[in-house]
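Peer 1: What follows is the file work-v1.cif, containing mmCIF, C-alpha atoms:
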```cif
data_model
loop_
_atom_site.label_atom_id
_atom_site.label_comp_id
_atom_site.auth_asym_id
_atom_site.auth_seq_id
_atom_site.Cartn_x
_atom_site.Cartn_y
_atom_site.Cartn_z
CA MET J 1 23.37 -45.45 -92.24
CA MET J 2 20.49 -44.51 -89.96
CA HIS J 3 18.19 -41.65 -90.89
CA PRO J 4 16.69 -39.28 -88.32
CA GLN J 5 13.35 -40.50 -87.04
CA ILE J 6 10.73 -39.88 -84.36
CA ASP J 7 9.20 -42.86 -82.57
CA VAL J 8 6.02 -42.59 -80.50
CA SER J 9 4.55 -45.34 -78.34
CA PRO J 10 1.65 -45.81 -78.34
CA ALA J 11 1.07 -43.94 -81.58
CA THR J 12 -2.70 -44.11 -80.99
CA ALA J 13 -4.18 -43.83 -77.51
CA LEU J 14 -7.01 -42.39 -75.45
CA LEU J 15 -6.52 -38.72 -74.59
CA ASP J 16 -5.58 -39.41 -70.96
CA VAL J 17 -2.90 -42.00 -71.81
CA PRO J 18 0.73 -40.76 -71.80
CA VAL J 19 3.03 -41.51 -74.73
CA HIS J 20 6.76 -42.23 -75.01
CA ILE J 21 8.62 -40.10 -77.58
CA THR J 22 12.19 -40.84 -78.71
CA LEU J 23 14.43 -39.39 -81.41
CA SER J 24 17.17 -41.43 -83.10
CA GLY J 25 19.48 -41.43 -86.09
CA PHE J 26 20.86 -37.94 -85.48
CA GLN J 27 24.48 -36.83 -85.25
CA PRO J 28 26.05 -37.16 -81.79
CA HIS J 29 25.39 -34.03 -79.67
CA GLN J 30 23.39 -32.43 -82.46
CA LEU J 31 20.86 -29.72 -81.54
CA ILE J 32 17.31 -30.72 -82.50
CA THR J 33 14.14 -28.64 -82.38
CA LEU J 34 11.04 -30.77 -81.83
CA ASN J 35 7.78 -29.03 -82.76
CA ALA J 36 4.24 -30.21 -81.89
CA THR J 37 1.21 -28.87 -83.74
CA LEU J 38 -2.48 -29.46 -83.04
CA THR J 39 -5.01 -28.20 -85.59
CA ASN J 40 -8.24 -30.12 -84.91
CA GLY J 41 -8.26 -30.70 -81.21
CA LEU J 42 -11.75 -30.16 -79.83
CA PRO J 43 -14.88 -32.29 -80.26
CA GLY J 44 -17.69 -30.00 -81.33
CA GLY J 45 -15.38 -27.03 -81.67
CA GLU J 46 -12.06 -25.62 -82.70
CA LEU J 47 -8.72 -25.86 -80.91
CA THR J 48 -5.40 -25.01 -82.51
CA ALA J 49 -2.20 -24.99 -80.50
CA SER J 50 1.54 -25.56 -80.78
CA SER J 51 4.66 -26.13 -78.68
CA HIS J 52 8.37 -26.76 -79.16
CA ALA J 53 11.46 -27.94 -77.34
CA ILE J 54 15.17 -27.89 -78.21
CA PHE J 55 17.17 -31.00 -77.28
CA GLN J 56 20.78 -32.04 -77.64
CA ALA J 57 21.28 -35.58 -78.84
CA ASP J 58 23.50 -37.91 -76.80
CA GLU J 59 26.66 -39.61 -78.02
CA ASN J 60 24.50 -42.10 -79.94
CA GLY J 61 22.50 -39.36 -81.68
CA SER J 62 19.37 -40.09 -79.64
CA VAL J 63 16.91 -38.22 -77.41
CA ASP J 64 14.48 -39.79 -74.95
CA LEU J 65 11.81 -37.44 -73.55
CA VAL J 66 11.26 -39.78 -70.58
CA SER J 67 14.75 -39.07 -69.23
CA GLN J 68 15.89 -35.87 -70.92
CA ALA J 69 14.94 -32.23 -70.37
CA PRO J 70 14.97 -29.68 -73.20
CA LEU J 71 17.60 -26.97 -73.30
CA PHE J 72 14.91 -24.44 -74.21
CA GLY J 73 11.26 -24.59 -75.16
CA THR J 74 7.70 -24.14 -74.01
CA TYR J 75 8.37 -26.30 -70.93
CA GLU J 76 11.27 -26.97 -68.58
CA GLY J 77 12.57 -30.06 -66.85
CA ILE J 78 12.08 -33.73 -67.61
CA ASP J 79 8.48 -34.31 -68.62
CA PRO J 80 7.47 -36.95 -71.20
CA MET J 81 4.21 -35.07 -71.89
CA GLY J 82 5.59 -31.54 -71.65
CA LEU J 83 5.01 -30.84 -75.34
CA PHE J 84 1.30 -31.61 -74.88
CA TRP J 85 0.33 -29.46 -71.88
CA SER J 86 2.70 -26.57 -72.70
CA MET J 87 1.06 -25.84 -76.05
CA ASN J 88 0.27 -22.19 -76.69
CA VAL J 89 -3.38 -21.96 -77.70
CA GLN J 90 -4.15 -19.95 -80.83
CA THR J 91 -7.86 -20.80 -81.18
CA LEU J 92 -10.40 -22.25 -78.73
CA ARG J 93 -14.17 -22.23 -79.24
CA PHE J 94 -17.15 -24.55 -79.34
CA TYR J 95 -19.53 -24.79 -82.28
CA SER J 96 -23.21 -24.68 -81.29
CA ALA J 97 -22.42 -25.62 -77.71
CA TYR J 98 -25.75 -24.06 -76.75
CA SER J 99 -27.86 -26.13 -79.12
CA LEU J 100 -28.13 -29.89 -78.68
CA ASP J 101 -29.60 -30.37 -82.15
CA ASP J 102 -26.67 -28.61 -83.80
CA PHE J 103 -23.89 -29.87 -81.52
CA GLN J 104 -21.92 -32.81 -82.86
CA PHE J 105 -19.27 -34.61 -80.81
CA THR J 106 -16.80 -34.71 -83.68
CA PRO J 107 -14.02 -35.32 -84.32
CA ARG J 108 -13.78 -38.41 -82.13
CA SER J 109 -10.00 -38.18 -82.30
CA THR J 110 -7.30 -35.73 -83.31
CA GLU J 111 -3.71 -35.78 -84.54
CA ILE J 112 -0.69 -34.03 -83.09
CA HIS J 113 2.00 -33.59 -85.72
CA LEU J 114 5.60 -33.83 -84.52
CA THR J 115 8.41 -32.37 -86.62
CA ALA J 116 12.13 -32.58 -85.83
CA GLU J 117 14.25 -29.80 -87.29
CA VAL J 118 18.02 -29.40 -87.61
CA ASN J 119 19.29 -25.97 -88.61
CA GLN J 120 15.66 -24.94 -89.20
CA LYS J 121 15.15 -27.73 -91.76
CA PRO J 122 12.63 -30.56 -91.17
CA VAL J 123 14.40 -33.92 -91.07
CA ALA J 124 11.82 -36.23 -89.43
CA LYS J 125 8.08 -36.34 -88.82
CA ALA J 126 5.58 -38.41 -86.83
CA VAL J 127 1.89 -38.30 -85.99
CA VAL J 128 0.34 -38.98 -82.59
CA LYS J 129 -3.35 -39.88 -82.66
CA ARG J 130 -5.23 -38.82 -79.53
CA VAL J 131 -8.66 -40.40 -79.02
CA PHE J 132 -11.40 -38.32 -77.34
CA VAL J 133 -13.86 -41.19 -77.06
CA SER J 134 -13.38 -44.91 -77.67
CA ARG J 135 -14.66 -46.33 -80.92
CA ASP J 136 -17.11 -48.66 -79.14
CA VAL J 137 -18.83 -45.81 -77.25
CA SER J 138 -22.19 -44.75 -78.64
CA ILE J 139 -23.37 -41.15 -78.29
CA THR J 140 -27.11 -40.48 -77.90
CA LYS J 141 -28.82 -37.11 -77.72
CA VAL J 142 -31.25 -36.94 -74.80
CA LYS J 143 -34.33 -34.71 -74.98
CA GLU J 144 -36.80 -36.47 -72.72
CA ASP J 145 -38.80 -35.18 -69.75
CA GLY J 146 -37.33 -31.72 -70.29
CA LEU J 147 -33.74 -32.99 -70.09
CA VAL J 148 -31.01 -31.80 -72.46
CA GLY J 149 -27.95 -34.00 -72.59
CA LEU J 150 -25.62 -36.41 -74.34
CA PHE J 151 -25.43 -40.03 -73.18
CA PHE J 152 -22.15 -41.90 -73.73
CA SER J 153 -22.13 -45.66 -73.25
CA LYS J 154 -20.45 -48.89 -74.33
CA PRO J 155 -22.55 -52.02 -75.06
CA HIS J 156 -21.95 -53.62 -71.65
CA PRO J 157 -23.20 -57.19 -71.10
CA GLU J 158 -24.19 -56.23 -67.55
CA PRO J 159 -25.15 -52.92 -65.87
CA LYS J 160 -22.23 -50.69 -64.86
CA PRO J 161 -21.71 -47.79 -62.41
CA ALA J 162 -22.62 -44.55 -64.18
CA VAL J 163 -21.63 -40.89 -63.95
CA LEU J 164 -23.80 -37.80 -64.30
CA VAL J 165 -21.57 -34.93 -65.49
CA LEU J 166 -22.31 -31.26 -64.76
CA GLY J 167 -20.25 -28.48 -66.35
CA GLY J 168 -19.52 -25.06 -64.92
CA SER J 169 -20.57 -21.48 -65.58
CA GLU J 170 -19.54 -21.79 -69.23
CA GLY J 171 -22.97 -23.34 -69.81
CA GLY J 172 -24.14 -25.41 -72.73
CA ILE J 173 -23.22 -29.00 -73.52
CA GLY J 174 -19.67 -28.70 -74.85
CA SER J 175 -17.39 -28.86 -71.81
CA CYS J 176 -19.27 -31.50 -69.82
CA SER J 177 -19.44 -33.78 -72.89
CA GLN J 178 -15.63 -34.07 -72.89
CA PHE J 179 -15.61 -35.54 -69.39
CA ALA J 180 -18.56 -37.81 -70.16
CA ALA J 181 -16.75 -39.16 -73.23
CA LEU J 182 -13.70 -40.08 -71.16
CA PHE J 183 -15.75 -41.66 -68.38
CA ALA J 184 -17.58 -43.80 -70.93
CA SER J 185 -14.30 -44.74 -72.60
CA HIS J 186 -13.17 -46.10 -69.23
CA GLY J 187 -16.33 -48.19 -68.94
CA TYR J 188 -18.63 -45.85 -66.99
CA PRO J 189 -21.84 -44.90 -68.85
CA ALA J 190 -22.05 -41.13 -68.55
CA LEU J 191 -24.69 -38.48 -69.12
CA ALA J 192 -23.41 -34.98 -69.92
CA LEU J 193 -26.25 -32.78 -68.70
CA ALA J 194 -26.74 -29.17 -69.76
CA TYR J 195 -28.63 -27.13 -67.17
CA PHE J 196 -28.61 -23.64 -68.69
CA GLN J 197 -27.78 -21.88 -71.94
CA CYS J 198 -28.86 -24.75 -74.16
CA ASP J 199 -32.06 -24.99 -76.19
CA ASP J 200 -35.11 -24.25 -74.00
CA LEU J 201 -33.19 -24.29 -70.71
CA PRO J 202 -32.77 -21.05 -68.72
CA THR J 203 -30.39 -18.47 -70.17
CA ASP J 204 -28.90 -17.68 -66.76
CA ILE J 205 -28.10 -19.59 -63.58
CA GLN J 206 -31.21 -18.42 -61.82
CA GLN J 207 -33.24 -20.60 -59.44
CA ILE J 208 -32.63 -23.68 -61.57
CA PRO J 209 -34.73 -26.47 -60.07
CA VAL J 210 -32.75 -29.22 -58.36
CA GLU J 211 -35.58 -31.49 -59.51
CA TYR J 212 -34.20 -31.12 -63.05
CA VAL J 213 -30.99 -32.90 -62.03
CA GLN J 214 -32.96 -35.43 -60.02
CA ARG J 215 -34.88 -36.31 -63.19
CA ALA J 216 -31.57 -36.90 -64.92
CA VAL J 217 -30.55 -39.29 -62.14
CA HIS J 218 -33.80 -41.19 -62.53
CA TRP J 219 -33.34 -41.27 -66.33
CA LEU J 220 -29.87 -42.77 -65.87
CA LYS J 221 -31.22 -45.46 -63.57
CA GLN J 222 -33.55 -46.65 -66.32
CA GLN J 223 -30.82 -47.24 -68.92
CA PRO J 224 -29.97 -50.92 -69.60
CA THR J 225 -26.21 -50.32 -69.33
CA VAL J 226 -26.51 -48.54 -65.97
CA HIS J 227 -26.52 -50.12 -62.52
CA PRO J 228 -29.32 -48.17 -60.79
CA ASP J 229 -27.68 -48.35 -57.36
CA LYS J 230 -24.26 -47.09 -58.51
CA ILE J 231 -24.72 -43.50 -59.63
CA THR J 232 -22.01 -40.85 -59.21
CA VAL J 233 -22.44 -37.16 -59.93
CA PHE J 234 -19.35 -35.32 -61.15
CA GLY J 235 -19.27 -31.53 -61.29
CA ARG J 236 -16.73 -28.83 -61.99
CA SER J 237 -16.84 -25.31 -60.54
CA LYS J 238 -20.47 -24.14 -60.57
CA GLY J 239 -21.42 -27.66 -61.58
CA ALA J 240 -19.65 -28.95 -58.47
CA GLU J 241 -21.85 -26.70 -56.34
CA LEU J 242 -24.92 -28.11 -58.09
CA ALA J 243 -23.61 -31.67 -57.71
CA LEU J 244 -23.24 -31.29 -53.95
CA VAL J 245 -26.63 -29.59 -53.58
CA THR J 246 -28.40 -32.28 -55.58
CA ALA J 247 -26.64 -35.15 -53.82
CA SER J 248 -27.67 -33.72 -50.45
CA LEU J 249 -31.31 -33.94 -51.57
CA GLU J 250 -31.29 -37.04 -53.79
CA PRO J 251 -30.59 -40.41 -52.10
CA GLY J 252 -30.33 -42.03 -55.54
CA ILE J 253 -26.85 -40.49 -55.89
CA HIS J 254 -24.29 -42.83 -54.33
CA ALA J 255 -21.05 -40.84 -54.70
CA VAL J 256 -19.93 -37.28 -55.49
CA ILE J 257 -16.82 -35.94 -57.21
CA ALA J 258 -16.65 -32.17 -56.82
CA SER J 259 -13.85 -30.32 -58.61
CA SER J 260 -13.22 -26.70 -57.51
CA PRO J 261 -16.52 -26.59 -55.58
CA SER J 262 -18.25 -24.28 -53.14
CA SER J 263 -19.50 -25.23 -49.68
CA THR J 264 -22.45 -22.84 -50.03
CA VAL J 265 -25.20 -22.00 -52.44
CA ASN J 266 -24.11 -18.82 -54.23
CA ILE J 267 -25.65 -16.00 -56.19
CA GLY J 268 -26.71 -17.05 -59.67
CA THR J 269 -27.48 -13.72 -61.29
CA ASP J 270 -28.02 -10.17 -60.06
CA ARG J 271 -31.05 -9.52 -62.26
CA ALA J 272 -34.59 -10.89 -62.04
CA PHE J 273 -34.87 -10.76 -65.83
CA ALA J 274 -32.21 -10.93 -68.54
CA ASP J 275 -32.81 -7.39 -69.86
CA SER J 276 -33.57 -5.80 -66.51
CA GLU J 277 -31.51 -2.88 -65.21
CA ILE J 278 -32.77 -3.34 -61.67
CA PHE J 279 -30.43 -5.01 -59.18
CA SER J 280 -32.18 -8.13 -57.93
CA PRO J 281 -29.84 -10.92 -56.71
CA GLN J 282 -31.15 -14.42 -57.35
CA SER J 283 -30.29 -17.79 -55.86
CA SER J 284 -28.65 -20.24 -58.24
CA TRP J 285 -30.98 -23.10 -57.36
CA SER J 286 -34.51 -23.82 -56.19
CA PHE J 287 -36.20 -26.84 -54.61
CA ARG J 288 -39.93 -27.53 -54.46
CA GLY J 289 -40.60 -24.14 -55.96
CA GLU J 290 -38.58 -22.16 -53.42
CA PRO J 291 -35.17 -20.54 -53.96
CA LEU J 292 -32.45 -22.05 -51.80
CA PRO J 293 -30.79 -19.67 -49.30
CA PHE J 294 -27.62 -18.25 -50.87
CA VAL J 295 -24.65 -15.98 -50.27
CA PRO J 296 -25.67 -12.62 -51.81
CA TRP J 297 -23.58 -9.86 -53.36
CA THR J 298 -24.03 -6.14 -53.06
CA GLU J 299 -24.72 -4.10 -56.17
CA GLU J 300 -21.18 -2.73 -55.93
CA GLN J 301 -19.75 -6.25 -55.84
CA SER J 302 -21.76 -7.20 -58.93
CA ARG J 303 -20.45 -4.17 -60.79
CA GLN J 304 -16.90 -4.93 -59.70
CA PHE J 305 -17.32 -8.54 -60.82
CA ARG J 306 -18.23 -7.48 -64.35
CA GLU J 307 -15.34 -5.03 -64.54
CA LEU J 308 -12.79 -7.60 -63.37
CA LEU J 309 -14.21 -10.29 -65.65
CA ASP J 310 -14.03 -7.97 -68.66
CA ALA J 311 -10.43 -7.11 -67.76
CA GLY J 312 -9.48 -10.79 -67.39
CA GLN J 313 -8.64 -10.43 -63.69
CA ARG J 314 -9.30 -12.67 -60.70
CA ILE J 315 -12.62 -12.45 -58.89
CA ASP J 316 -12.11 -14.77 -55.91
CA GLN J 317 -11.85 -11.89 -53.45
CA ILE J 318 -15.44 -10.87 -54.21
CA HIS J 319 -16.59 -14.36 -53.27
CA LYS J 320 -14.46 -14.29 -50.12
CA ASP J 321 -15.82 -10.92 -48.99
CA ALA J 322 -19.43 -11.93 -49.66
CA TRP J 323 -18.95 -15.27 -47.96
CA ARG J 324 -17.54 -13.69 -44.79
CA ALA J 325 -20.17 -10.94 -44.69
CA CYS J 326 -23.16 -13.26 -45.14
CA GLU J 327 -25.47 -13.00 -42.13
CA TRP J 328 -27.23 -16.30 -42.86
CA LEU J 329 -24.20 -18.38 -43.84
CA ALA J 330 -25.44 -21.39 -41.90
CA ASP J 331 -28.62 -21.45 -44.01
CA ALA J 332 -26.66 -21.06 -47.26
CA GLU J 333 -24.25 -23.89 -46.48
CA ILE J 334 -24.83 -27.13 -48.38
CA PRO J 335 -25.84 -29.94 -45.97
CA VAL J 336 -23.20 -32.30 -47.37
CA GLU J 337 -23.65 -34.67 -44.44
CA GLN J 338 -26.91 -35.79 -46.08
CA ILE J 339 -25.07 -37.20 -49.11
CA ASN J 340 -25.62 -40.93 -49.50
CA GLY J 341 -22.07 -42.07 -50.28
CA PRO J 342 -18.37 -41.21 -50.43
CA ILE J 343 -17.13 -37.78 -51.52
CA LEU J 344 -14.02 -36.76 -53.45
CA LEU J 345 -13.14 -33.05 -53.34
CA LEU J 346 -10.55 -31.43 -55.64
CA SER J 347 -9.29 -27.90 -55.00
CA ALA J 348 -6.44 -25.52 -55.81
CA ASP J 349 -4.69 -22.90 -53.67
CA ASP J 350 -4.49 -20.29 -56.43
CA ASP J 351 -8.07 -20.50 -57.70
CA HIS J 352 -8.89 -17.12 -59.28
CA TRP J 353 -12.65 -17.76 -59.49
CA TRP J 354 -13.52 -18.52 -55.90
CA PRO J 355 -11.79 -19.87 -52.74
CA ALA J 356 -12.49 -23.53 -53.49
CA ALA J 357 -9.73 -24.82 -51.19
CA GLU J 358 -11.24 -23.00 -48.19
CA HIS J 359 -14.69 -24.25 -49.16
CA CYS J 360 -13.42 -27.82 -49.25
CA GLU J 361 -11.71 -27.52 -45.87
CA ARG J 362 -14.95 -26.18 -44.44
CA MET J 363 -16.91 -29.12 -45.86
CA VAL J 364 -14.39 -31.64 -44.52
CA ALA J 365 -14.68 -30.09 -41.05
CA ARG J 366 -18.48 -30.11 -41.25
CA LEU J 367 -18.55 -33.76 -42.30
CA LYS J 368 -16.21 -34.71 -39.47
CA ALA J 369 -18.32 -32.80 -36.94
CA LYS J 370 -21.48 -34.49 -38.23
CA GLN J 371 -19.77 -37.93 -38.03
CA PHE J 372 -20.32 -38.58 -41.73
CA ALA J 373 -20.53 -42.32 -42.31
CA HIS J 374 -18.79 -42.47 -45.71
CA PRO J 375 -15.19 -41.89 -46.87
CA VAL J 376 -14.20 -38.29 -47.66
CA VAL J 377 -11.06 -37.36 -49.59
CA HIS J 378 -9.87 -33.80 -50.23
CA LEU J 379 -7.02 -33.36 -52.72
CA ARG J 380 -5.63 -29.83 -52.41
CA TYR J 381 -3.08 -28.69 -54.98
CA ALA J 382 -0.57 -25.93 -54.19
CA ASP J 383 0.18 -23.12 -56.67
CA THR J 384 -2.54 -24.49 -58.93
CA GLY J 385 -5.50 -22.71 -60.52
CA HIS J 386 -9.18 -23.27 -61.18
CA GLY J 387 -8.67 -25.25 -64.38
CA ILE J 388 -8.10 -28.75 -62.97
CA ARG J 389 -9.35 -31.02 -65.75
CA PHE J 390 -8.11 -34.21 -67.38
CA PRO J 391 -4.43 -34.63 -68.34
CA TYR J 392 -2.30 -33.91 -71.38
CA ILE J 393 -4.23 -30.96 -72.78
CA PRO J 394 -2.95 -27.35 -72.95
CA THR J 395 -2.86 -25.67 -69.53
CA THR J 396 -1.28 -22.39 -70.59
CA ARG J 397 -4.35 -20.17 -70.27
CA ILE J 398 -3.92 -19.06 -66.67
CA ALA J 399 -4.93 -15.38 -66.58
CA GLN J 400 -8.40 -15.95 -65.13
CA ASN J 401 -7.79 -19.42 -63.73
CA GLY J 402 -4.57 -19.05 -61.76
CA GLY J 403 -1.68 -21.38 -61.05
CA THR J 404 1.13 -22.12 -63.46
CA PRO J 405 0.90 -24.23 -66.64
CA LYS J 406 3.17 -26.91 -65.16
CA ASN J 407 1.38 -27.11 -61.80
CA ASN J 408 -2.02 -27.13 -63.49
CA ALA J 409 -0.86 -29.96 -65.76
CA GLN J 410 0.50 -31.99 -62.85
CA ALA J 411 -2.68 -31.46 -60.82
CA SER J 412 -4.84 -32.50 -63.76
CA GLU J 413 -2.77 -35.64 -64.29
CA HIS J 414 -2.74 -36.65 -60.63
CA SER J 415 -6.37 -35.77 -59.88
CA TRP J 416 -7.71 -37.63 -62.93
CA LYS J 417 -5.95 -40.81 -61.83
CA GLU J 418 -7.46 -40.31 -58.39
CA VAL J 419 -10.92 -39.76 -59.89
CA LEU J 420 -10.73 -43.08 -61.76
CA ALA J 421 -9.35 -44.83 -58.69
CA PHE J 422 -12.15 -43.34 -56.56
CA LEU J 423 -14.78 -44.77 -58.93
CA GLU J 424 -13.10 -48.15 -59.01
CA GLU J 425 -12.79 -48.37 -55.22
CA THR J 426 -16.30 -47.04 -54.56
CA PHE J 427 -17.96 -49.56 -56.86
CA ALA J 428 -15.49 -52.43 -56.69
#
```
For this file, produce the structure as structure tokens.
Peer 2:
Amino acid sequence: MMHPQIDVSPATALLDVPVHITLSGFQPHQLITLNATLTNGLPGGELTASSHAIFQADENGSVDLVSQAPLFGTYEGIDPMGLFWSMNVQTLRFYSAYSLDDFQFTPRSTEIHLTAEVNQKPVAKAVVKRVFVSRDVSITKVKEDGLVGLFFSKPHPEPKPAVLVLGGSEGGIGSCSQFAALFASHGYPALALAYFQCDDLPTDIQQIPVEYVQRAVHWLKQQPTVHPDKITVFGRSKGAELALVTASLEPGIHAVIASSPSSTVNIGTDRAFADSEIFSPQSSWSFRGEPLPFVPWTEEQSRQFRELLDAGQRIDQIHKDAWRACEWLADAEIPVEQINGPILLLSADDDHWWPAAEHCERMVARLKAKQFAHPVVHLRYADTGHGIRFPYIPTTRIAQNGGTPKNNAQASEHSWKEVLAFLEETFA
């Protein structure tokens, strides 16, 4: 007599690899509740989350998540990875994300516990091991020449294309290190670079020198595992803006991947000093000691921004209004036609932070008008929010990001495959 069981293949895999889950040994047409629980799911931090789905077994007492939709649950429709992205997040925070000395990229993997219940009684269990960074990837803290970062790399016998990773307005080293770990696990040495709110770096995004990122590019070129003529810069959100700005000024960057970017330099902070009460809008970036022209906000817009942010509401309209009212928009636009290589742009139609899709369309038009010599790809996702990341992680926090959990999950899955394909094709 068969006993109820859960089978997962592969049981251990890199975070961005899908798994195949089947249930067997149940009574024909029996109702089964499948629960998924994550308790240690964030390198350098804390992530707890859970999901569930109710299935009806077939005439053989089996369920296959590849071909069967749940009757009820945290997701709808046929989706083999639905239990993963539909998890409701209970806890999410980084430990010491603003201190490189204290930040540790651990755990290197996590476990998702699956439990099958019949009549509210557990009858079968399984564990899925999700790997954040491959075992053969070394992690080195970088504090040289004023840089603050984490370098992820495998022991390659010959130099490989590398990726410089820039996070968004969350600051610190935590978020960008996740992407760098995955890039390195796929064979691309990657430097996660903090540029504010970490150690001795600025506390705000305020006239941060582009030369700082250029130094990081030059540092990457000197690493034995890195091919010096195959450097990509990857940025998300505010980091995507910085990636495009830097690439337009640094010929040593040979490709750009910009996720939810801006086509202009934007306001960094509305105060000259952290404790100042005087309204004084500042450019996000500087070059050769001079602030770059930027799209400013009024004092009323800055006040409204804080109120909306505190209330967990969307702020993209403020960016739109400021963008359209800017009298020197041509000066604030990033000269993307000066980038020395192909460009991949990722955007979403329901971005609650800023109108990234419109920004991308504007950049594509500019590049076409300037007869840009390299390939340009813009992937625009409908009914999707700002949080396009890598696949198979919870996408249920949508209040300030936009989109729907399902659309955000699908966009993350599709875009990540395209990101890896872009790197492979660019440096074939």
Peer 1: Can you translate the PyMOL selection byres ((chain J and resi 40) around 9) into the concrete residues it hits in this file, as an NGL selection string?
Peer 2: :J and (38-39 or 41-43 or 45-48 or 107 or 109-112)
Peer 1: Enter the distance from atom CA of Pro70 of chain J to atom CA of Pro391 of chain J, in Å, rounded to one decimal.
Peer 2: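 Interatomic distance, atom CA of Pro70 of chain J to atom CA of Pro391 of chain J: 20.6 Å.
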Peer 1: Need the shell around Pro157 of chain J: protein/DNA/RNA residues with any atom at most 8 Å away, counting all atoms listed in the file. Skip same-chain ones fewer than 2 positions apart. Format as a list in words?
Peer 2: Pro155, Pro159 and Thr225 of chain J
Peer 1: Within 10 Å of (24.5, -37.6, -88.2), all atoms listed in the file: residues as a PyMOL selection string?
Peer 2: chain J and resi 1-4+24-30+60-61
Peer 1: Using the selection just defined, write its residues with C-alpha atoms as a short mmCIF file (atom, residue, chain, number, x, y, z; two decimals), in the coordinates of the input.
Peer 2:
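Dumped to out35.cif:
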```cif
data_model
loop_
_atom_site.label_atom_id
_atom_site.label_comp_id
_atom_site.auth_asym_id
_atom_site.auth_seq_id
_atom_site.Cartn_x
_atom_site.Cartn_y
_atom_site.Cartn_z
CA MET J 1 23.37 -45.45 -92.24
CA MET J 2 20.49 -44.51 -89.96
CA HIS J 3 18.19 -41.65 -90.89
CA PRO J 4 16.69 -39.28 -88.32
CA SER J 24 17.17 -41.43 -83.10
CA GLY J 25 19.48 -41.43 -86.09
CA PHE J 26 20.86 -37.94 -85.48
CA GLN J 27 24.48 -36.83 -85.25
CA PRO J 28 26.05 -37.16 -81.79
CA HIS J 29 25.39 -34.03 -79.67
CA GLN J 30 23.39 -32.43 -82.46
CA ASN J 60 24.50 -42.10 -79.94
CA GLY J 61 22.50 -39.36 -81.68
#
```
Peer 1: I'd like to know which of J:Gly312, J:Pro10, J:Gly239, J:Pro342 is closest to Ile208 of chain J, using all atoms listed in the file.
Peer 2: J:Gly239
Peer 1: So, with all atoms listed in the file as the atoms that count, which of J:Asp204, J:Glu76, J:Asp229, J:Glu333 lies closest to Gln282 of chain J?
Peer 2: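 Checking each of J:Asp204, J:Glu76, J:Asp229, J:Glu333 against Gln282 of chain J, counting all atoms listed in the file, the winner is J:Asp204.
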Peer 1: From the set J:Lys121, J:Arg306, J:Arg288, J:Arg236, which residue has the shortest atom-to-atom contact distance to Thr269 of chain J, counting all atoms listed in the file?
Peer 2: J:Arg306
Peer 1: Would you mind putting back N, CA and C atoms on segment 56-67 of chain J, then writing it out as a compact mmCIF listing (two decimals), in the coordinates of the input?
Peer 2:
```
# COMPACT_ATOMS: atom_id res chain seq x y z
N GLN J 56 19.47 -31.67 -77.10
CA GLN J 56 20.78 -32.04 -77.64
C GLN J 56 20.89 -33.55 -77.60
N ALA J 57 21.17 -34.13 -78.76
CA ALA J 57 21.28 -35.58 -78.84
C ALA J 57 22.46 -36.08 -78.01
N ASP J 58 22.39 -37.32 -77.56
CA ASP J 58 23.50 -37.91 -76.80
C ASP J 58 24.58 -38.41 -77.75
N GLU J 59 25.54 -39.15 -77.20
CA GLU J 59 26.66 -39.61 -78.02
C GLU J 59 26.23 -40.60 -79.10
N ASN J 60 25.03 -41.17 -78.93
CA ASN J 60 24.50 -42.10 -79.94
C ASN J 60 23.57 -41.41 -80.93
N GLY J 61 23.40 -40.09 -80.78
CA GLY J 61 22.50 -39.36 -81.68
C GLY J 61 21.03 -39.55 -81.34
N SER J 62 20.74 -39.80 -80.05
CA SER J 62 19.37 -40.09 -79.64
C SER J 62 18.90 -39.11 -78.56
N VAL J 63 17.57 -39.01 -78.45
CA VAL J 63 16.91 -38.22 -77.41
C VAL J 63 15.74 -39.04 -76.88
N ASP J 64 15.60 -39.09 -75.58
CA ASP J 64 14.48 -39.79 -74.95
C ASP J 64 13.77 -38.81 -74.01
N LEU J 65 12.52 -38.44 -74.34
CA LEU J 65 11.81 -37.44 -73.55
C LEU J 65 11.45 -37.94 -72.15
N VAL J 66 11.53 -39.25 -71.91
CA VAL J 66 11.26 -39.78 -70.58
C VAL J 66 12.38 -39.43 -69.61
N SER J 67 13.60 -39.28 -70.12
CA SER J 67 14.75 -39.07 -69.23
C SER J 67 15.54 -37.80 -69.53
```
